[in-house]
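Student: Please find structure.txt (compact mmCIF, C-alpha atoms) on the next line:
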```txt
# COMPACT_ATOMS: atom_id res chain seq x y z
CA MET A 272 -2.74 12.15 1.68
CA ARG A 273 -3.12 13.97 -1.57
CA ARG A 274 -0.46 16.67 -1.78
CA VAL A 275 -0.04 20.16 -3.21
CA ILE A 276 3.22 22.09 -2.97
CA ILE A 277 2.62 25.51 -4.45
CA GLY A 278 2.68 29.14 -3.41
CA VAL A 279 0.00 30.71 -1.21
CA ALA A 280 -1.78 33.97 -2.08
CA ALA A 281 -0.98 37.03 -0.08
CA LEU A 282 -2.61 37.00 3.33
CA ALA A 283 -4.48 40.22 2.63
CA ALA A 284 -6.19 38.65 -0.35
CA VAL A 285 -6.96 35.55 1.64
CA VAL A 286 -8.50 37.56 4.47
CA ALA A 287 -10.65 39.41 1.93
CA LEU A 288 -11.88 36.08 0.58
CA ALA A 289 -12.46 34.75 4.06
CA GLY A 290 -14.49 37.79 4.97
CA ALA A 291 -16.84 36.91 2.16
CA ALA A 292 -17.08 33.27 3.26
CA LEU A 293 -20.41 31.93 4.36
CA ALA A 294 -20.77 31.64 8.11
CA ALA A 295 -22.86 28.84 9.55
CA THR A 296 -26.54 29.78 9.88
CA GLY A 297 -29.59 28.47 11.71
CA GLY A 298 -31.40 28.93 14.98
CA LYS A 299 -30.53 27.52 18.37
CA SER A 300 -33.33 24.99 18.02
CA GLY A 301 -35.38 23.51 15.22
CA ASN A 302 -33.85 23.53 11.77
CA VAL A 303 -30.10 23.97 11.55
CA THR A 304 -27.87 24.67 8.57
CA LEU A 305 -24.20 23.69 8.72
CA THR A 306 -21.49 24.60 6.25
CA LEU A 307 -18.80 22.10 5.24
CA TRP A 308 -15.65 23.05 3.36
CA HIS A 309 -13.54 20.60 1.39
CA ASN A 310 -10.60 20.79 -1.04
CA TYR A 311 -11.35 17.53 -2.86
CA GLY A 312 -12.18 18.97 -6.27
CA THR A 313 -14.17 16.33 -8.16
CA GLU A 314 -12.24 13.19 -7.13
CA GLY A 315 -13.61 10.19 -5.26
CA ASN A 316 -13.40 11.94 -1.89
CA ALA A 317 -15.74 14.66 -3.17
CA VAL A 318 -18.20 12.03 -4.40
CA ALA A 319 -18.09 10.27 -1.03
CA THR A 320 -18.61 13.57 0.82
CA LYS A 321 -21.63 14.49 -1.29
CA ASN A 322 -23.25 11.11 -0.78
CA LEU A 323 -22.48 11.04 2.95
CA VAL A 324 -24.10 14.44 3.40
CA ALA A 325 -27.19 13.34 1.46
CA ALA A 326 -27.58 10.21 3.60
CA PHE A 327 -27.03 12.13 6.84
CA GLU A 328 -29.60 14.78 5.88
CA LYS A 329 -32.13 12.05 5.08
CA GLN A 330 -31.69 10.63 8.60
CA ASN A 331 -31.71 14.09 10.16
CA PRO A 332 -34.33 16.16 8.31
CA ASN A 333 -33.84 19.12 10.64
CA ILE A 334 -30.17 19.45 9.62
CA THR A 335 -28.98 20.80 6.28
CA ILE A 336 -25.29 20.72 5.34
CA LYS A 337 -24.16 23.14 2.68
CA VAL A 338 -21.09 21.66 0.97
CA VAL A 339 -18.60 24.22 -0.35
CA SER A 340 -15.71 23.18 -2.60
CA GLN A 341 -12.78 25.49 -1.90
CA PRO A 342 -9.70 25.89 -4.17
CA ALA A 343 -6.99 23.41 -3.31
CA ASP A 344 -4.07 25.76 -3.87
CA ASN A 345 -4.77 28.01 -0.88
CA TYR A 346 -7.34 25.98 1.04
CA PHE A 347 -5.59 26.03 4.40
CA ALA A 348 -4.72 29.70 4.18
CA LEU A 349 -8.38 30.43 3.44
CA LEU A 350 -9.52 28.23 6.30
CA GLN A 351 -7.09 29.81 8.75
CA ALA A 352 -8.08 33.34 7.81
CA ALA A 353 -11.78 32.49 8.03
CA SER A 354 -11.21 30.84 11.39
CA ILE A 355 -9.43 33.89 12.79
CA SER A 356 -12.43 36.03 11.83
CA HIS A 357 -14.91 33.30 12.89
CA THR A 358 -16.54 33.41 9.45
CA GLY A 359 -15.50 29.91 8.43
CA PRO A 360 -17.47 26.67 8.23
CA ASP A 361 -18.84 24.39 10.91
CA LEU A 362 -17.08 21.38 9.39
CA ALA A 363 -13.90 21.33 7.33
CA VAL A 364 -11.59 18.86 5.67
CA GLN A 365 -8.42 18.64 7.73
CA TRP A 366 -5.21 16.72 7.14
CA THR A 367 -3.94 14.54 9.97
CA GLY A 368 -0.64 14.26 11.83
CA LEU A 369 1.25 17.49 12.40
CA PHE A 370 -1.19 19.32 10.15
CA ASP A 371 -4.08 19.06 12.60
CA LEU A 372 -1.75 20.03 15.46
CA LYS A 373 -0.78 23.13 13.50
CA TYR A 374 -4.40 24.26 13.37
CA GLN A 375 -5.68 22.67 16.59
CA LYS A 376 -6.62 25.97 18.22
CA PHE A 377 -9.35 26.24 15.59
CA LEU A 378 -10.52 22.62 15.96
CA LEU A 379 -12.96 21.21 18.48
CA ASN A 380 -11.40 18.57 20.74
CA LEU A 381 -13.70 15.58 20.34
CA LYS A 382 -12.77 13.85 23.61
CA PRO A 383 -16.16 14.50 25.30
CA TYR A 384 -18.06 13.05 22.35
CA PHE A 385 -16.34 9.72 21.59
CA SER A 386 -15.73 6.87 24.00
CA ALA A 387 -12.49 4.91 24.19
CA ALA A 388 -14.29 1.98 22.58
CA GLU A 389 -15.34 4.13 19.62
CA ILE A 390 -11.85 5.54 19.19
CA ALA A 391 -10.43 1.99 19.28
CA LYS A 392 -12.32 1.25 16.06
CA ILE A 393 -10.40 3.93 14.15
CA ASN A 394 -7.21 3.04 12.28
CA GLY A 395 -4.40 5.47 13.05
CA ALA A 396 -6.28 7.28 15.83
CA PRO A 397 -3.07 8.53 17.52
CA TYR A 398 -2.17 10.58 14.45
CA MET A 399 -5.46 12.50 14.68
CA SER A 400 -5.06 13.30 18.37
CA VAL A 401 -3.47 15.98 20.51
CA ASP A 402 0.23 15.13 20.89
CA PHE A 403 -0.57 11.90 18.98
CA ASN A 404 -2.25 10.58 22.13
CA PRO A 405 -5.93 9.55 21.76
CA ALA A 406 -6.40 9.92 25.53
CA LYS A 407 -5.99 13.66 25.00
CA GLY A 408 -8.77 13.80 22.41
CA LEU A 409 -9.33 13.43 18.68
CA LEU A 410 -9.17 16.47 16.43
CA VAL A 411 -10.19 14.82 13.15
CA MET A 412 -12.62 12.07 12.15
CA PRO A 413 -11.05 10.33 9.13
CA LEU A 414 -12.88 9.86 5.87
CA GLU A 415 -10.81 6.93 4.61
CA ASN A 416 -7.87 4.64 5.15
CA GLN A 417 -5.08 5.49 2.69
CA PHE A 418 -1.98 3.70 1.47
CA TYR A 419 1.25 4.76 -0.14
CA ILE A 420 1.68 1.56 -2.09
CA GLY A 421 3.24 -0.17 -5.07
CA PHE A 422 1.31 -1.71 -7.97
CA TYR A 423 2.57 -4.29 -10.44
CA ASN A 424 1.39 -5.86 -13.68
CA LYS A 425 1.03 -9.60 -13.11
CA ALA A 426 1.14 -10.36 -16.83
CA LEU A 427 4.52 -8.64 -17.24
CA PHE A 428 5.88 -10.37 -14.14
CA LYS A 429 4.81 -13.72 -15.60
CA LYS A 430 6.41 -12.87 -18.94
CA ALA A 431 9.70 -12.21 -17.13
CA GLY A 432 9.43 -15.38 -15.05
CA ILE A 433 8.84 -13.56 -11.76
CA ALA A 434 6.59 -15.47 -9.40
CA ALA A 435 6.05 -12.85 -6.66
CA ALA A 436 6.70 -9.21 -5.85
CA PRO A 437 10.16 -8.34 -4.45
CA LEU A 438 10.61 -8.01 -0.68
CA ASN A 439 13.96 -6.19 -0.45
CA TRP A 440 16.53 -4.25 -2.43
CA ALA A 441 18.35 -7.37 -3.65
CA GLN A 442 15.18 -9.00 -4.97
CA LEU A 443 14.17 -5.77 -6.64
CA GLN A 444 17.49 -5.62 -8.51
CA THR A 445 17.12 -9.27 -9.56
CA ASP A 446 13.61 -8.60 -10.86
CA CYS A 447 14.78 -5.50 -12.71
CA THR A 448 17.38 -7.61 -14.51
CA LYS A 449 14.77 -10.21 -15.50
CA LEU A 450 12.33 -7.58 -16.74
CA LYS A 451 14.96 -5.70 -18.75
CA ALA A 452 16.01 -8.98 -20.39
CA LYS A 453 12.46 -9.19 -21.78
CA GLY A 454 12.49 -5.58 -22.97
CA ILE A 455 10.24 -4.40 -20.13
CA THR A 456 10.85 -1.19 -18.17
CA PRO A 457 10.77 -2.38 -14.56
CA MET A 458 9.48 0.78 -12.80
CA ILE A 459 7.93 4.01 -14.01
CA TYR A 460 8.25 7.42 -12.39
CA GLY A 461 7.27 10.94 -13.35
CA ALA A 462 5.08 13.89 -12.49
CA ASP A 463 2.57 13.07 -9.75
CA THR A 464 -0.81 12.24 -11.19
CA GLN A 465 -2.86 13.52 -8.28
CA ALA A 466 -5.49 16.16 -8.76
CA LEU A 467 -3.74 18.61 -6.40
CA GLY A 468 -0.38 18.72 -8.11
CA ALA A 469 1.59 17.67 -11.18
CA GLN A 470 5.15 17.15 -10.04
CA PHE A 471 7.33 14.35 -8.75
CA TYR A 472 6.54 13.63 -5.11
CA PRO A 473 9.34 11.77 -3.31
CA PHE A 474 7.62 10.88 -0.04
CA TYR A 475 5.91 7.77 -1.36
CA ASP A 476 9.35 6.19 -1.78
CA PHE A 477 11.14 7.99 1.04
CA SER A 478 8.52 6.83 3.54
CA TYR A 479 9.35 3.24 2.60
CA GLN A 480 13.06 3.88 2.86
CA MET A 481 12.46 4.91 6.47
CA THR A 482 10.20 1.92 7.21
CA GLY A 483 13.12 -0.20 6.04
CA LEU A 484 15.25 1.30 8.80
CA TYR A 485 13.18 2.31 11.81
CA SER A 486 10.06 1.40 13.77
CA PRO A 487 7.15 3.87 13.95
CA ALA A 488 8.27 4.85 17.46
CA GLN A 489 11.82 5.46 16.19
CA TRP A 490 10.48 7.88 13.60
CA LYS A 491 10.08 10.32 16.51
CA ASN A 492 13.90 10.56 16.46
CA LEU A 493 13.69 11.97 12.93
CA TYR A 494 11.34 14.64 14.26
CA THR A 495 13.58 15.57 17.19
CA GLY A 496 16.87 15.26 15.31
CA LYS A 497 18.20 12.50 17.54
CA THR A 498 18.56 10.53 14.31
CA PRO A 499 20.04 13.10 11.91
CA TRP A 500 18.78 13.14 8.36
CA ASN A 501 22.31 12.68 7.06
CA SER A 502 23.04 9.60 9.18
CA PRO A 503 24.96 6.81 7.37
CA ALA A 504 21.96 4.45 7.35
CA ILE A 505 19.74 7.02 5.61
CA VAL A 506 22.51 7.92 3.17
CA SER A 507 22.81 4.24 2.29
CA GLN A 508 19.07 3.89 1.69
CA MET A 509 19.03 7.00 -0.48
CA ASN A 510 21.99 5.84 -2.53
CA LYS A 511 20.19 2.59 -3.32
CA TRP A 512 17.11 4.55 -4.39
CA VAL A 513 18.90 7.01 -6.65
CA SER A 514 20.74 4.11 -8.28
CA LEU A 515 17.47 2.80 -9.74
CA PRO A 516 17.47 5.15 -12.77
CA LYS A 517 21.22 4.73 -13.19
CA ASN A 518 20.85 0.94 -13.32
CA GLY A 519 18.05 1.04 -15.86
CA CYS A 520 15.45 -0.05 -13.32
CA THR A 521 13.28 2.96 -14.26
CA ASN A 522 12.50 5.15 -17.23
CA LYS A 523 15.16 7.78 -17.85
CA ASP A 524 12.90 10.84 -17.51
CA VAL A 525 11.95 10.08 -13.91
CA LEU A 526 11.16 13.68 -12.97
CA THR A 527 9.36 14.92 -16.05
CA LYS A 528 7.46 12.06 -17.65
CA THR A 529 3.74 12.74 -17.74
CA ASN A 530 0.70 10.45 -17.74
CA ILE A 531 2.57 7.72 -15.92
CA LEU A 532 -0.68 6.01 -14.93
CA GLY A 533 -1.63 5.79 -18.59
CA ALA A 534 1.76 4.39 -19.49
CA PHE A 535 1.54 1.82 -16.71
CA VAL A 536 -1.87 0.49 -17.71
CA LYS A 537 -0.66 0.24 -21.32
CA GLY A 538 2.04 -2.16 -20.20
CA GLN A 539 4.95 0.25 -20.64
CA ALA A 540 6.33 -0.63 -17.19
CA ALA A 541 5.90 -3.47 -14.72
CA MET A 542 5.72 -1.49 -11.46
CA ILE A 543 4.65 1.91 -10.15
CA VAL A 544 4.72 3.48 -6.67
CA ASP A 545 1.59 5.51 -6.04
CA GLY A 546 -1.42 5.74 -3.71
CA ASN A 547 -4.49 3.58 -3.26
CA TRP A 548 -6.70 6.41 -4.55
CA ASP A 549 -5.65 5.43 -8.09
CA THR A 550 -6.68 1.79 -7.69
CA ALA A 551 -9.91 2.12 -9.68
CA THR A 552 -8.15 3.93 -12.53
CA LEU A 553 -5.49 1.24 -12.77
CA GLN A 554 -8.06 -1.56 -12.61
CA GLN A 555 -9.94 -0.07 -15.54
CA GLY A 556 -6.83 -0.56 -17.66
CA LEU A 557 -5.32 -3.74 -16.24
CA GLY A 558 -8.27 -5.59 -14.73
CA LYS A 559 -7.22 -8.79 -12.98
CA ASN A 560 -3.58 -8.23 -13.95
CA LEU A 561 -3.30 -5.48 -11.32
CA ALA A 562 -1.83 -6.37 -7.93
CA ALA A 563 -0.46 -4.38 -4.99
CA PHE A 564 2.92 -4.77 -3.31
CA VAL A 565 4.86 -3.11 -0.52
CA PRO A 566 7.79 -1.13 -1.99
CA PRO A 567 10.79 -3.28 -0.96
CA TYR A 568 13.20 -0.57 0.13
CA ALA A 569 14.94 -2.58 2.85
CA VAL A 570 18.16 -4.57 3.12
CA GLY A 571 16.46 -7.50 4.82
CA LYS A 572 12.71 -7.95 4.44
CA GLN A 573 10.59 -4.85 4.31
CA LYS A 574 8.65 -4.76 7.57
CA GLY A 575 6.24 -1.85 7.19
CA VAL A 576 3.36 -0.66 5.06
CA ILE A 577 2.18 2.94 4.86
CA GLU A 578 -1.44 2.55 5.99
CA TYR A 579 -2.76 5.81 7.32
CA PRO A 580 -5.87 8.02 7.46
CA GLY A 581 -4.47 11.06 5.71
CA ASP A 582 -7.47 13.35 5.98
CA GLY A 583 -10.96 13.68 7.36
CA PHE A 584 -13.37 16.18 8.84
CA SER A 585 -13.04 18.44 11.87
CA VAL A 586 -15.59 20.50 13.75
CA MET A 587 -14.41 24.07 14.00
CA SER A 588 -14.10 25.40 17.54
CA TYR A 589 -16.14 28.51 16.75
CA SER A 590 -19.10 26.65 15.22
CA LYS A 591 -22.43 27.69 16.72
CA HIS A 592 -23.82 24.22 16.06
CA GLN A 593 -21.19 21.90 17.47
CA PRO A 594 -23.60 19.11 18.60
CA GLU A 595 -25.10 18.81 15.12
CA ALA A 596 -21.65 18.92 13.51
CA VAL A 597 -20.44 16.19 15.87
CA ASP A 598 -23.47 14.12 14.88
CA PHE A 599 -22.16 14.13 11.32
CA LEU A 600 -18.78 12.84 12.51
CA LYS A 601 -20.54 10.08 14.46
CA PHE A 602 -22.43 9.15 11.31
CA LEU A 603 -19.09 8.57 9.56
CA MET A 604 -18.48 5.61 11.89
CA THR A 605 -21.68 3.77 10.93
CA ALA A 606 -21.97 0.76 8.63
CA GLN A 607 -24.09 2.85 6.25
CA ALA A 608 -21.36 5.45 5.92
CA ALA A 609 -18.76 2.74 5.36
CA ARG A 610 -20.76 1.40 2.43
CA ILE A 611 -21.03 4.89 0.94
CA ILE A 612 -17.29 5.49 1.29
CA SER A 613 -16.48 2.10 -0.22
CA ALA A 614 -18.87 2.68 -3.14
CA ALA A 615 -16.84 5.81 -4.00
CA GLY A 616 -13.73 3.64 -4.45
CA LEU A 617 -12.23 4.48 -1.05
CA ILE A 618 -11.36 2.31 1.96
CA PRO A 619 -13.33 3.19 5.12
CA ASP A 620 -11.12 3.82 8.14
CA ILE A 621 -12.80 1.28 10.40
CA LYS A 622 -10.78 -1.59 11.80
CA GLY A 623 -11.76 -4.93 10.30
CA PHE A 624 -13.74 -3.47 7.40
CA ARG A 625 -13.43 -5.39 4.14
CA THR A 626 -14.16 -3.84 0.75
CA ALA A 627 -15.56 -5.52 -2.35
CA ASN A 628 -12.33 -4.70 -4.19
CA PRO A 629 -9.73 -7.52 -4.18
CA VAL A 630 -6.78 -5.15 -4.66
CA SER A 631 -7.92 -2.93 -1.77
CA ASN A 632 -8.33 -6.03 0.39
CA GLN A 633 -4.82 -7.10 -0.61
CA MET A 634 -3.54 -3.81 0.81
CA LEU A 635 -5.51 -4.28 4.02
CA ASP A 636 -4.07 -7.78 4.41
CA PHE A 637 -0.46 -6.59 4.48
CA ALA A 638 -0.85 -5.47 8.09
CA ALA A 639 -3.88 -7.51 9.09
CA LYS A 640 -2.67 -10.93 7.90
CA GLN A 641 0.93 -10.78 6.63
CA GLY A 642 2.78 -9.31 9.58
CA PHE A 643 3.63 -5.90 8.15
CA THR A 644 3.53 -3.04 10.65
CA ALA A 645 1.26 -0.12 9.78
CA TYR A 646 3.17 3.17 9.56
CA PRO A 647 1.96 6.75 9.11
CA MET A 648 2.85 8.84 6.10
CA LEU A 649 6.29 10.23 6.85
CA ASP A 650 5.38 13.65 5.48
CA ASN A 651 2.56 13.90 8.05
CA VAL A 652 4.78 13.36 11.09
CA ILE A 653 7.83 15.50 10.36
CA GLN A 654 7.95 19.27 10.25
CA GLY A 655 6.44 20.98 7.23
CA GLU A 656 9.62 22.97 6.63
CA VAL A 657 11.60 19.73 6.37
CA VAL A 658 9.00 18.31 3.99
CA THR A 659 9.33 21.38 1.77
CA THR A 660 13.13 21.10 1.70
CA ALA A 661 12.92 17.38 1.00
CA GLN A 662 10.46 17.94 -1.82
CA LYS A 663 13.13 19.93 -3.63
CA GLN A 664 16.31 18.20 -2.55
CA LEU A 665 15.28 14.54 -2.75
CA VAL A 666 13.84 15.11 -6.21
CA ALA A 667 17.07 16.74 -7.32
CA ALA A 668 19.06 13.80 -5.98
CA PHE A 669 16.82 11.24 -7.69
CA GLY A 670 17.22 13.14 -10.94
CA GLY A 671 20.99 13.15 -10.55
CA ASP A 672 21.34 16.91 -10.19
CA ILE A 673 22.85 16.85 -6.67
CA SER A 674 24.39 14.24 -4.42
CA VAL A 675 22.49 12.27 -1.81
CA THR A 676 24.67 13.78 0.90
CA ALA A 677 23.90 17.32 -0.23
CA ALA A 678 20.15 16.60 -0.22
CA LEU A 679 20.17 15.10 3.25
CA ASN A 680 22.45 17.82 4.61
CA SER A 681 19.87 20.37 3.48
CA MET A 682 17.13 18.52 5.35
CA LYS A 683 19.27 18.42 8.50
CA SER A 684 20.04 22.13 8.22
CA THR A 685 16.35 22.94 7.90
CA LEU A 686 15.53 20.94 11.03
CA ASP A 687 18.48 22.43 12.92
CA GLY A 688 17.18 25.90 12.16
CA LEU A 689 13.78 25.35 13.74
CA PRO A 690 13.10 26.57 17.29
CA ALA A 691 13.46 24.04 20.09
CA ASN A 692 9.72 23.75 20.72
CA ARG A 693 9.25 22.54 17.14
CA LYS A 694 11.44 19.47 17.64
CA GLY A 695 10.92 18.61 21.30
CA PRO A 696 9.57 15.58 23.15
CA SER A 697 5.96 16.64 22.46
CA TYR A 698 4.72 16.91 18.91
CA SER A 699 3.92 20.42 17.72
CA GLY A 700 2.56 21.61 14.41
```
Translate the structure described by the file into structure tokens.

Tutor:
Amino acid sequence: MRRVIIGVAALAAVVALAGAALAATGGKSGNVTLTLWHNYGTEGNAVATKNLVAAFEKQNPNITIKVVSQPADNYFALLQAASISHTGPDLAVQWTGLFDLKYQKFLLNLKPYFSAAEIAKINGAPYMSVDFNPAKGLLVMPLENQFYIGFYNKALFKKAGIAAAPLNWAQLQTDCTKLKAKGITPMIYGADTQALGAQFYPFYDFSYQMTGLYSPAQWKNLYTGKTPWNSPAIVSQMNKWVSLPKNGCTNKDVLTKTNILGAFVKGQAAMIVDGNWDTATLQQGLGKNLAAFVPPYAVGKQKGVIEYPGDGFSVMSYSKHQPEAVDFLKFLMTAQAARIISAAGLIPDIKGFRTANPVSNQMLDFAAKQGFTAYPMLDNVIQGEVVTTAQKQLVAAFGGDISVTAALNSMKSTLDGLPANRKGPSYSG
């Protein structure tokens, strides 16, 4: 899921903006106008949304969808304020996991509208459902299947005599040594290249550190605190990660380097950890030399891949045109919609779907054909307050400013300070 970690405008200002927001219009029968809000800016998701709406309107000439691009920096505050005053949209982009649970009182439960067979076609359906249980009803229909993933330059691997991507910490260190011997920077890090933020984001790597330790079901123990953030196993994983810059496995300016995608496609590093949404950009620079790999942050063999529908569309509970809005969500599950989503450079979130992009298909094969277990994005299934603390503390540890123990102690303290109902047996936003 594309991330933004910045301040939110004062609630009074947000409410004022929300009061000016366009409410859904249209009669109870005949022609209907829906409003859809998104925070995609101009990236591929926005292109896909525009084209999906156009195709849906063509099939449903009595329904018009007005697409409104909202500012990313305070999107959810705007949406919440507009929802409180019932002046918000009929349809809205919503993040999945704990994010949709946080706002579920404003979201229509889709259980009456989708059969169990339809839900079974959706990758990651539990993480879009009440209490992560599809039997209790979906809250979001995903737009795409997303990956936190590694990319490598096959030409640089060949130059260093490396036949395949590393599968664990030991192999990664061996490959780093081979690459450095050829004058090649093994891995490149820096400010996040995503449209919603320009800072180092640690959860791509930290998610894979946790897949190297625990099953998806065991991740619930991180949420409840049964497995403390400062446990010896997590400390060990973190110490291996923060040793990468110290051992010369990365560039030195891991927190501040800019345009890391540009540097990677120019051959200035052999590997990068990123998201699948940058696949097309990297292919433009590297062509057939681009390949995907699962970040090997495990002592044995890495067993998991972060394959997860990070966002999608929800029908707002106060919409006056819920049946028509639901029809749009049903359209997202059609073969026509899948082709539109794929044409925008995204991976449709339909089980068994294959794209025309060989690198995207390589990602899909990790779980489908190579035995990797699909995991959610860690930052979607732990408390937002812990994510915020980790964003600061893990970055500081990776940059060498604080110790691993200090960073993880801060995360534990943040979780310990939350009320009991925020870390109980049932998931709560």

Student: At a cut-off of 10 Å, using only C-alpha atoms, what residues contact range 430-446 of chain A? Leave out same-chain residues fewer than 5 positions from it and give the result as a ChimeraX atom specification.

Tutor: /A:421-423,425,451-455,457,483,508,511-512,515,518-520,541-542,562-574

Student: Using only C-alpha atoms, which of A:Gly688, A:Ala387, A:Thr495, A:Ala462 sits nearest Asp524 in chain A?

Tutor: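 Among the listed residues, A:Ala462 lies closest to Asp524 in chain A.
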
Student: Go through A:Ile420, A:Ala488, A:Ala363, A:Ile336 one by one, measure the shortest atom-to-atom distance of each to Leu349 in chain A using only C-alpha atoms, and give the residue with the smallest value.

Tutor: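 Among A:Ile420, A:Ala488, A:Ala363, A:Ile336, it is A:Ala363 that comes nearest to Leu349 in chain A.
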
Student: To one decimal place, how far is CA of Ala343 in chain A from CA of Lys694 in chain A in Å?

Tutor: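 Answer for the CA of Ala343 in chain A to CA of Lys694 in chain A separation: 28.2 Å.
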
Student: Please provide the set of residues having any atom within 10 Å of Pro647 in chain A, restricted to only C-alpha atoms, with same-chain residues fewer than 5 positions apart removed, written as a list in words.

Tutor: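 Near Pro647 in chain A, the qualifying residues are Thr367, Gly368, Gly395, Pro397, Tyr398, Gln417, Phe418, Tyr419, Ser478, Thr482, Pro487, Trp490, Gly575, Val576, Ile577, Glu578, Tyr579, Pro580, Gly581 and Val652 of chain A.
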
Student: Using all atoms listed in the file, I'd like a table of the residues in range 636-683 of chain A that come within 12 Å of range 607-623 of chain A; for each, show the closest atom pair and its distance in Å rounded to one decimal, ordered by chain and ascending number, as a tab-separated table.

Tutor:
```
residue	atom	partner	partner_atom	distance
A:Asp636	CA	A:Gly623	CA	10.1
A:Ala638	CA	A:Gly623	CA	11.1
A:Ala639	CA	A:Gly623	CA	8.4
A:Lys640	CA	A:Gly623	CA	11.2
```
